[in-house]
file my_file33.pdb (PDB, N, CA and C atoms)
ATOM      1  N   MET A   1    -122.098   7.117 167.121
ATOM      2  CA  MET A   1    -122.368   5.891 167.853
ATOM      3  C   MET A   1    -122.248   6.197 169.348
ATOM      4  N   SER A   2    -123.154   5.677 170.101
ATOM      5  CA  SER A   2    -123.168   5.946 171.531
ATOM      6  C   SER A   2    -122.028   5.228 172.243
ATOM      7  N   ARG A   3    -121.774   5.685 173.430
ATOM      8  CA  ARG A   3    -120.729   5.067 174.249
ATOM      9  C   ARG A   3    -121.060   3.600 174.507
ATOM     10  N   TYR A   4    -122.349   3.317 174.718
ATOM     11  CA  TYR A   4    -122.770   1.935 174.960
ATOM     12  C   TYR A   4    -122.448   1.050 173.756
ATOM     13  N   GLY A   5    -122.680   1.573 172.565
ATOM     14  CA  GLY A   5    -122.395   0.816 171.352
ATOM     15  C   GLY A   5    -120.921   0.486 171.223
ATOM     16  N   LEU A   6    -120.052   1.447 171.546
ATOM     17  CA  LEU A   6    -118.604   1.214 171.477
ATOM     18  C   LEU A   6    -118.166   0.187 172.503
ATOM     19  N   ASP A   7    -118.728   0.270 173.708
ATOM     20  CA  ASP A   7    -118.386  -0.711 174.737
ATOM     21  C   ASP A   7    -118.807  -2.116 174.311
ATOM     22  N   SER A   8    -119.962  -2.197 173.684
ATOM     23  CA  SER A   8    -120.460  -3.491 173.213
ATOM     24  C   SER A   8    -119.541  -4.062 172.133
ATOM     25  N   ILE A   9    -119.110  -3.223 171.194
ATOM     26  CA  ILE A   9    -118.213  -3.665 170.129
ATOM     27  C   ILE A   9    -116.873  -4.099 170.702
ATOM     28  N   ASN A  10    -116.336  -3.321 171.645
ATOM     29  CA  ASN A  10    -115.056  -3.687 172.267
ATOM     30  C   ASN A  10    -115.168  -4.999 173.044
ATOM     31  N   ALA A  11    -116.266  -5.192 173.743
ATOM     32  CA  ALA A  11    -116.457  -6.438 174.495
ATOM     33  C   ALA A  11    -116.566  -7.619 173.540
ATOM     34  N   GLN A  12    -117.287  -7.425 172.436
ATOM     35  CA  GLN A  12    -117.435  -8.511 171.461
ATOM     36  C   GLN A  12    -116.091  -8.830 170.813
ATOM     37  N   ALA A  13    -115.298  -7.808 170.499
ATOM     38  CA  ALA A  13    -113.983  -8.028 169.898
ATOM     39  C   ALA A  13    -113.070  -8.800 170.850
ATOM     40  N   MET A  14    -113.114  -8.468 172.129
ATOM     41  CA  MET A  14    -112.286  -9.179 173.107
ATOM     42  C   MET A  14    -112.746 -10.630 173.233
ATOM     43  N   GLN A  15    -114.055 -10.866 173.197
ATOM     44  CA  GLN A  15    -114.577 -12.227 173.292
ATOM     45  C   GLN A  15    -114.146 -13.051 172.087
ATOM     46  N   VAL A  16    -114.215 -12.460 170.900
ATOM     47  CA  VAL A  16    -113.805 -13.155 169.683
ATOM     48  C   VAL A  16    -112.322 -13.483 169.747
ATOM     49  N   ALA A  17    -111.506 -12.544 170.217
ATOM     50  CA  ALA A  17    -110.062 -12.768 170.305
ATOM     51  C   ALA A  17    -109.748 -13.913 171.266
ATOM     52  N   GLN A  18    -110.531 -14.049 172.328
ATOM     53  CA  GLN A  18    -110.293 -15.120 173.288
ATOM     54  C   GLN A  18    -110.740 -16.471 172.745
ATOM     55  N   GLN A  19    -111.793 -16.498 171.910
ATOM     56  CA  GLN A  19    -112.341 -17.759 171.423
ATOM     57  C   GLN A  19    -111.597 -18.303 170.218
ATOM     58  N   HIS A  20    -111.019 -17.443 169.414
ATOM     59  CA  HIS A  20    -110.416 -17.871 168.152
ATOM     60  C   HIS A  20    -108.917 -17.599 168.165
ATOM     61  N   THR A  21    -108.188 -18.549 167.719
ATOM     62  CA  THR A  21    -106.763 -18.377 167.564
ATOM     63  C   THR A  21    -106.516 -17.951 166.122
ATOM     64  N   ILE A  22    -106.060 -16.722 165.950
ATOM     65  CA  ILE A  22    -105.827 -16.207 164.608
ATOM     66  C   ILE A  22    -104.444 -16.656 164.171
ATOM     67  N   PRO A  23    -104.370 -17.367 163.063
ATOM     68  CA  PRO A  23    -103.079 -17.880 162.613
ATOM     69  C   PRO A  23    -102.145 -16.765 162.164
ATOM     70  N   LYS A  24    -100.876 -16.962 162.384
ATOM     71  CA  LYS A  24     -99.857 -16.015 161.927
ATOM     72  C   LYS A  24     -99.546 -16.298 160.470
ATOM     73  N   ILE A  25     -99.423 -15.238 159.689
ATOM     74  CA  ILE A  25     -99.132 -15.393 158.263
ATOM     75  C   ILE A  25     -97.758 -14.814 158.001
ATOM     76  N   ASP A  26     -96.892 -15.638 157.452
ATOM     77  CA  ASP A  26     -95.543 -15.229 157.098
ATOM     78  C   ASP A  26     -95.523 -14.904 155.606
ATOM     79  N   PRO A  27     -95.414 -13.615 155.231
ATOM     80  CA  PRO A  27     -95.454 -13.258 153.811
ATOM     81  C   PRO A  27     -94.257 -13.775 153.024
ATOM     82  N   LYS A  28     -93.220 -14.244 153.688
ATOM     83  CA  LYS A  28     -92.040 -14.748 152.998
ATOM     84  C   LYS A  28     -92.085 -16.270 152.836
ATOM     85  N   ALA A  29     -93.184 -16.890 153.222
ATOM     86  CA  ALA A  29     -93.316 -18.350 153.144
ATOM     87  C   ALA A  29     -93.393 -18.794 151.687
ATOM     88  N   GLU A  30     -93.067 -20.047 151.467
ATOM     89  CA  GLU A  30     -93.181 -20.638 150.130
ATOM     90  C   GLU A  30     -94.646 -20.629 149.709
ATOM     91  N   ASP A  31     -94.896 -20.802 148.413
ATOM     92  CA  ASP A  31     -96.249 -20.709 147.881
ATOM     93  C   ASP A  31     -97.231 -21.660 148.571
ATOM     94  N   LYS A  32     -96.866 -22.923 148.733
ATOM     95  CA  LYS A  32     -97.768 -23.903 149.345
ATOM     96  C   LYS A  32     -98.033 -23.550 150.806
ATOM     97  N   ALA A  33     -96.988 -23.185 151.523
ATOM     98  CA  ALA A  33     -97.144 -22.812 152.934
ATOM     99  C   ALA A  33     -97.963 -21.534 153.071
ATOM    100  N   LEU A  34     -97.750 -20.578 152.180
ATOM    101  CA  LEU A  34     -98.510 -19.332 152.211
ATOM    102  C   LEU A  34     -99.986 -19.607 151.950
ATOM    103  N   ARG A  35    -100.276 -20.488 150.997
ATOM    104  CA  ARG A  35    -101.662 -20.855 150.700
ATOM    105  C   ARG A  35    -102.313 -21.497 151.916
ATOM    106  N   GLU A  36    -101.606 -22.379 152.602
ATOM    107  CA  GLU A  36    -102.143 -23.020 153.805
ATOM    108  C   GLU A  36    -102.428 -21.988 154.890
ATOM    109  N   GLN A  37    -101.530 -21.010 155.038
ATOM    110  CA  GLN A  37    -101.710 -19.984 156.057
ATOM    111  C   GLN A  37    -102.891 -19.074 155.742
ATOM    112  N   THR A  38    -103.037 -18.686 154.477
ATOM    113  CA  THR A  38    -104.158 -17.819 154.114
ATOM    114  C   THR A  38    -105.484 -18.583 154.197
ATOM    115  N   ASP A  39    -105.473 -19.873 153.876
ATOM    116  CA  ASP A  39    -106.679 -20.688 154.039
ATOM    117  C   ASP A  39    -107.057 -20.806 155.519
ATOM    118  N   ALA A  40    -106.064 -20.961 156.388
ATOM    119  CA  ALA A  40    -106.327 -21.041 157.827
ATOM    120  C   ALA A  40    -106.912 -19.726 158.332
ATOM    121  N   PHE A  41    -106.412 -18.617 157.818
ATOM    122  CA  PHE A  41    -106.937 -17.310 158.210
ATOM    123  C   PHE A  41    -108.390 -17.167 157.749
ATOM    124  N   GLU A  42    -108.674 -17.599 156.516
ATOM    125  CA  GLU A  42    -110.039 -17.541 156.006
ATOM    126  C   GLU A  42    -110.957 -18.440 156.835
ATOM    127  N   SER A  43    -110.455 -19.568 157.279
ATOM    128  CA  SER A  43    -111.233 -20.471 158.121
ATOM    129  C   SER A  43    -111.664 -19.780 159.415
ATOM    130  N   VAL A  44    -110.786 -18.993 160.001
ATOM    131  CA  VAL A  44    -111.120 -18.255 161.220
ATOM    132  C   VAL A  44    -112.212 -17.226 160.935
ATOM    133  N   ILE A  45    -112.119 -16.535 159.816
ATOM    134  CA  ILE A  45    -113.136 -15.546 159.451
ATOM    135  C   ILE A  45    -114.491 -16.226 159.273
ATOM    136  N   ILE A  46    -114.507 -17.361 158.575
ATOM    137  CA  ILE A  46    -115.752 -18.091 158.353
ATOM    138  C   ILE A  46    -116.332 -18.567 159.684
ATOM    139  N   LYS A  47    -115.489 -19.073 160.577
ATOM    140  CA  LYS A  47    -115.949 -19.552 161.890
ATOM    141  C   LYS A  47    -116.570 -18.414 162.683
ATOM    142  N   MET A  48    -115.958 -17.235 162.632
ATOM    143  CA  MET A  48    -116.504 -16.083 163.340
ATOM    144  C   MET A  48    -117.874 -15.708 162.773
ATOM    145  N   MET A  49    -118.020 -15.749 161.466
ATOM    146  CA  MET A  49    -119.310 -15.427 160.851
ATOM    147  C   MET A  49    -120.365 -16.466 161.228
ATOM    148  N   LEU A  50    -120.006 -17.740 161.199
ATOM    149  CA  LEU A  50    -120.953 -18.788 161.576
ATOM    150  C   LEU A  50    -121.353 -18.676 163.047
ATOM    151  N   ASP A  51    -120.390 -18.424 163.918
ATOM    152  CA  ASP A  51    -120.688 -18.268 165.340
ATOM    153  C   ASP A  51    -121.646 -17.107 165.571
ATOM    154  N   ASN A  52    -121.393 -15.998 164.892
ATOM    155  CA  ASN A  52    -122.243 -14.825 165.050
ATOM    156  C   ASN A  52    -123.641 -15.082 164.490
ATOM    157  N   ALA A  53    -123.721 -15.746 163.351
ATOM    158  CA  ALA A  53    -125.015 -16.009 162.726
ATOM    159  C   ALA A  53    -125.858 -16.983 163.538
ATOM    160  N   MET A  54    -125.221 -17.888 164.260
ATOM    161  CA  MET A  54    -125.961 -18.932 164.959
ATOM    162  C   MET A  54    -125.997 -18.738 166.469
ATOM    163  N   LYS A  55    -125.633 -17.554 166.952
ATOM    164  CA  LYS A  55    -125.563 -17.369 168.401
ATOM    165  C   LYS A  55    -126.925 -17.422 169.082
ATOM    166  N   ASP A  56    -127.992 -17.055 168.390
ATOM    167  CA  ASP A  56    -129.332 -17.071 168.970
ATOM    168  C   ASP A  56    -130.169 -18.243 168.465
ATOM    169  N   GLU A  57    -129.501 -19.249 167.940
ATOM    170  CA  GLU A  57    -130.187 -20.398 167.362
ATOM    171  C   GLU A  57    -130.967 -21.158 168.432
ATOM    172  N   GLN A  58    -132.181 -21.484 168.105
ATOM    173  CA  GLN A  58    -133.021 -22.285 168.997
ATOM    174  C   GLN A  58    -132.988 -23.734 168.516
ATOM    175  N   SER A  59    -133.122 -24.641 169.433
ATOM    176  CA  SER A  59    -133.173 -26.054 169.064
ATOM    177  C   SER A  59    -134.507 -26.349 168.384
ATOM    178  N   LEU A  60    -134.455 -27.051 167.271
ATOM    179  CA  LEU A  60    -135.668 -27.361 166.522
ATOM    180  C   LEU A  60    -136.445 -28.533 167.112
ATOM    181  N   PHE A  61    -135.773 -29.421 167.808
ATOM    182  CA  PHE A  61    -136.397 -30.675 168.212
ATOM    183  C   PHE A  61    -136.734 -30.750 169.700
ATOM    184  N   THR A  62    -136.127 -29.924 170.499
ATOM    185  CA  THR A  62    -136.389 -30.001 171.933
ATOM    186  C   THR A  62    -136.214 -28.627 172.563
ATOM    187  N   SER A  63    -136.896 -28.413 173.666
ATOM    188  CA  SER A  63    -136.758 -27.134 174.369
ATOM    189  C   SER A  63    -135.676 -27.225 175.444
ATOM    190  N   GLN A  64    -135.193 -28.432 175.709
ATOM    191  CA  GLN A  64    -134.137 -28.606 176.708
ATOM    192  C   GLN A  64    -132.783 -28.344 176.076
ATOM    193  N   ASN A  65    -131.898 -27.791 176.871
ATOM    194  CA  ASN A  65    -130.519 -27.595 176.418
ATOM    195  C   ASN A  65    -129.672 -28.743 176.923
ATOM    196  N   ASP A  66    -129.094 -29.457 176.015
ATOM    197  CA  ASP A  66    -128.186 -30.538 176.349
ATOM    198  C   ASP A  66    -126.861 -29.917 176.819
ATOM    199  N   PRO A  67    -126.206 -30.469 177.842
ATOM    200  CA  PRO A  67    -124.944 -29.886 178.304
ATOM    201  C   PRO A  67    -123.870 -29.817 177.214
ATOM    202  N   GLY A  68    -123.820 -30.806 176.338
ATOM    203  CA  GLY A  68    -122.796 -30.822 175.306
ATOM    204  C   GLY A  68    -123.238 -30.184 174.000
ATOM    205  N   ASP A  69    -124.453 -29.667 173.975
ATOM    206  CA  ASP A  69    -125.019 -29.122 172.740
ATOM    207  C   ASP A  69    -124.180 -27.974 172.182
ATOM    208  N   LYS A  70    -123.804 -27.035 173.036
ATOM    209  CA  LYS A  70    -123.015 -25.885 172.569
ATOM    210  C   LYS A  70    -121.639 -26.322 172.077
ATOM    211  N   ILE A  71    -121.040 -27.256 172.759
ATOM    212  CA  ILE A  71    -119.717 -27.741 172.365
ATOM    213  C   ILE A  71    -119.805 -28.461 171.027
ATOM    214  N   TYR A  72    -120.807 -29.315 170.877
ATOM    215  CA  TYR A  72    -120.987 -30.067 169.637
ATOM    216  C   TYR A  72    -121.209 -29.113 168.464
ATOM    217  N   LYS A  73    -122.090 -28.130 168.654
ATOM    218  CA  LYS A  73    -122.386 -27.179 167.583
ATOM    219  C   LYS A  73    -121.162 -26.333 167.243
ATOM    220  N   SER A  74    -120.375 -25.961 168.245
ATOM    221  CA  SER A  74    -119.155 -25.201 167.986
ATOM    222  C   SER A  74    -118.154 -26.033 167.190
ATOM    223  N   MET A  75    -118.022 -27.312 167.548
ATOM    224  CA  MET A  75    -117.122 -28.194 166.812
ATOM    225  C   MET A  75    -117.605 -28.381 165.374
ATOM    226  N   TYR A  76    -118.912 -28.478 165.198
ATOM    227  CA  TYR A  76    -119.494 -28.629 163.864
ATOM    228  C   TYR A  76    -119.197 -27.391 163.014
ATOM    229  N   ARG A  77    -119.402 -26.202 163.580
ATOM    230  CA  ARG A  77    -119.115 -24.961 162.848
ATOM    231  C   ARG A  77    -117.632 -24.835 162.542
ATOM    232  N   ASP A  78    -116.788 -25.310 163.443
ATOM    233  CA  ASP A  78    -115.351 -25.280 163.205
ATOM    234  C   ASP A  78    -114.984 -26.141 162.004
ATOM    235  N   GLU A  79    -115.560 -27.335 161.924
ATOM    236  CA  GLU A  79    -115.292 -28.217 160.785
ATOM    237  C   GLU A  79    -115.863 -27.643 159.492
ATOM    238  N   LEU A  80    -117.037 -27.024 159.563
ATOM    239  CA  LEU A  80    -117.600 -26.373 158.380
ATOM    240  C   LEU A  80    -116.683 -25.264 157.876
ATOM    241  N   SER A  81    -116.138 -24.499 158.801
ATOM    242  CA  SER A  81    -115.268 -23.389 158.402
ATOM    243  C   SER A  81    -113.970 -23.899 157.780
ATOM    244  N   LYS A  82    -113.446 -25.007 158.301
ATOM    245  CA  LYS A  82    -112.232 -25.583 157.712
ATOM    246  C   LYS A  82    -112.507 -26.140 156.321
ATOM    247  N   ALA A  83    -113.671 -26.768 156.156
ATOM    248  CA  ALA A  83    -114.022 -27.333 154.852
ATOM    249  C   ALA A  83    -114.268 -26.237 153.819
ATOM    250  N   GLY A  84    -114.785 -25.087 154.247
ATOM    251  CA  GLY A  84    -115.085 -24.001 153.324
ATOM    252  C   GLY A  84    -113.917 -23.066 153.068
ATOM    253  N   ALA A  85    -112.844 -23.214 153.821
ATOM    254  CA  ALA A  85    -111.692 -22.321 153.664
ATOM    255  C   ALA A  85    -111.090 -22.460 152.275
ATOM    256  N   GLY A  86    -110.793 -21.336 151.684
ATOM    257  CA  GLY A  86    -110.212 -21.332 150.351
ATOM    258  C   GLY A  86    -111.236 -21.144 149.260
ATOM    259  N   SER A  87    -112.509 -21.136 149.608
ATOM    260  CA  SER A  87    -113.540 -21.022 148.581
ATOM    261  C   SER A  87    -114.354 -19.729 148.662
ATOM    262  N   PHE A  88    -114.102 -18.893 149.655
ATOM    263  CA  PHE A  88    -114.869 -17.661 149.803
ATOM    264  C   PHE A  88    -114.190 -16.454 149.176
ATOM    265  N   GLY A  89    -112.915 -16.545 148.870
ATOM    266  CA  GLY A  89    -112.213 -15.459 148.206
ATOM    267  C   GLY A  89    -111.288 -14.654 149.095
ATOM    268  N   PHE A  90    -111.498 -14.700 150.418
ATOM    269  CA  PHE A  90    -110.612 -13.960 151.318
ATOM    270  C   PHE A  90    -109.190 -14.495 151.216
ATOM    271  N   SER A  91    -109.084 -15.804 151.204
ATOM    272  CA  SER A  91    -107.780 -16.454 151.133
ATOM    273  C   SER A  91    -107.052 -16.073 149.848
ATOM    274  N   GLN A  92    -107.762 -16.089 148.735
ATOM    275  CA  GLN A  92    -107.151 -15.769 147.442
ATOM    276  C   GLN A  92    -106.681 -14.319 147.400
ATOM    277  N   MET A  93    -107.510 -13.403 147.903
ATOM    278  CA  MET A  93    -107.111 -11.985 147.915
ATOM    279  C   MET A  93    -105.872 -11.780 148.774
ATOM    280  N   LEU A  94    -105.857 -12.396 149.952
ATOM    281  CA  LEU A  94    -104.716 -12.262 150.848
ATOM    282  C   LEU A  94    -103.477 -12.914 150.247
ATOM    283  N   TYR A  95    -103.655 -14.084 149.633
ATOM    284  CA  TYR A  95    -102.542 -14.779 148.989
ATOM    285  C   TYR A  95    -101.953 -13.911 147.875
ATOM    286  N   ASP A  96    -102.814 -13.357 147.015
ATOM    287  CA  ASP A  96    -102.342 -12.503 145.916
ATOM    288  C   ASP A  96    -101.572 -11.292 146.452
ATOM    289  N   TYR A  97    -102.108 -10.677 147.483
ATOM    290  CA  TYR A  97    -101.469  -9.498 148.056
ATOM    291  C   TYR A  97    -100.096  -9.842 148.648
ATOM    292  N   LEU A  98    -100.046 -10.913 149.432
ATOM    293  CA  LEU A  98     -98.784 -11.271 150.089
ATOM    294  C   LEU A  98     -97.759 -11.829 149.107
ATOM    295  N   SER A  99     -98.211 -12.528 148.083
ATOM    296  CA  SER A  99     -97.242 -13.073 147.114
ATOM    297  C   SER A  99     -96.653 -11.965 146.248
ATOM    298  N   GLN A 100     -97.351 -10.862 146.035
ATOM    299  CA  GLN A 100     -96.810  -9.729 145.296
ATOM    300  C   GLN A 100     -95.811  -8.958 146.146
ATOM    301  N   LYS A 101     -95.990  -8.962 147.465
ATOM    302  CA  LYS A 101     -95.113  -8.220 148.381
ATOM    303  C   LYS A 101     -93.737  -8.861 148.505
ATOM    304  N   SER A 102     -93.651 -10.167 148.350
ATOM    305  CA  SER A 102     -92.377 -10.847 148.589
ATOM    306  C   SER A 102     -91.544 -10.956 147.335
TER     307      SER A 102
END
call {"tool": "encode", "arguments": {"input": "my_file33.pdb", "output": "structure tokens"}}
result
Amino acid sequence: MSRYGLDSINAQAMQVAQQHTIPKIDPKAEDKALREQTDAFESVIIKMMLDNAMKDEQSLFTSQNDPGDKIYKSMYRDELSKAGAGSFGFSQMLYDYLSQKS
């Protein structure tokens, strides 16, 4: 991989870290709390995937960019990621791994 490619990946990783708050997971937490934490972590992963998939999205209905359009779409993707958390399998794998460790 070229130096440019590595710089691009590092810049993207820093941007993602600034935009998303990654929840802390306590492996010693009770079952219900651990499930909530792993679901929150999965929600962040889903949000990152949605943001990446829709970063070049064009508006279907207008060529003008509304000032609040990006904020609205980001909030929408955030809610989608929260609603989908716990159903993609990342949360379950992490929960199983952490519950076996404690």
call {"tool": "resolve_selection", "arguments": {"input": "my_file33.pdb", "expression": "the PyMOL selection byres ((chain A and resi 39) around 8)", "output": "MDAnalysis selection string"}}
result
chainID A and resid 33:38 40:45 81:82 84:87 90:92 95
call {"tool": "closest_residue", "arguments": {"input": "my_file33.pdb", "among": "A:Gly68, A:Asn52, A:Met75, A:Ser99", "to": "Asp31 of chain A", "atoms": "all atoms listed in the file"}}
result
A:Ser99
call {"tool": "atom_distance", "arguments": {"input": "my_file33.pdb", "atom1": "atom C of Asp78 of chain A", "atom2": "atom N of Met54 of chain A"}}
result
13.3 Å
call {"tool": "atom_distance", "arguments": {"input": "my_file33.pdb", "atom1": "atom N of Pro67 of chain A", "atom2": "atom C of Glu79 of chain A"}}
result
21.3 Å
call {"tool": "atom_distance", "arguments": {"input": "my_file33.pdb", "atom1": "atom CA of Asp66 of chain A", "atom2": "atom CA of Ile46 of chain A"}}
result
25.2 Å
call {"tool": "axis_aligned_box", "arguments": {"input": "my_file33.pdb", "around": "segment 40-43 of chain A", "padding_each_side": "6 Å", "output": "JSON"}}
result
{"center_x": -108.9, "center_y": -19.1, "center_z": 157.7, "size_x": 17.6, "size_y": 15.9, "size_z": 15.4}
call {"tool": "residues_near_point", "arguments": {"input": "my_file33.pdb", "point": "(-124.9, -21.8, 170.8)", "cutoff": "7 Å", "atoms": "only C-alpha atoms", "output": "PDB file with N, CA and C atoms, keeping the file's coordinate frame"}}
result
ATOM      1  N   MET A  54    -125.221 -17.888 164.260  1.00  0.00           N
ATOM      2  CA  MET A  54    -125.961 -18.932 164.959  1.00  0.00           C
ATOM      3  C   MET A  54    -125.997 -18.738 166.469  1.00  0.00           C
ATOM      4  N   LYS A  55    -125.633 -17.554 166.952  1.00  0.00           N
ATOM      5  CA  LYS A  55    -125.563 -17.369 168.401  1.00  0.00           C
ATOM      6  C   LYS A  55    -126.925 -17.422 169.082  1.00  0.00           C
ATOM      7  N   ASP A  56    -127.992 -17.055 168.390  1.00  0.00           N
ATOM      8  CA  ASP A  56    -129.332 -17.071 168.970  1.00  0.00           C
ATOM      9  C   ASP A  56    -130.169 -18.243 168.465  1.00  0.00           C
ATOM     10  N   GLU A  57    -129.501 -19.249 167.940  1.00  0.00           N
ATOM     11  CA  GLU A  57    -130.187 -20.398 167.362  1.00  0.00           C
ATOM     12  C   GLU A  57    -130.967 -21.158 168.432  1.00  0.00           C
ATOM     13  N   LYS A  70    -123.804 -27.035 173.036  1.00  0.00           N
ATOM     14  CA  LYS A  70    -123.015 -25.885 172.569  1.00  0.00           C
ATOM     15  C   LYS A  70    -121.639 -26.322 172.077  1.00  0.00           C
ATOM     16  N   LYS A  73    -122.090 -28.130 168.654  1.00  0.00           N
ATOM     17  CA  LYS A  73    -122.386 -27.179 167.583  1.00  0.00           C
ATOM     18  C   LYS A  73    -121.162 -26.333 167.243  1.00  0.00           C
TER      19      LYS A  73
END
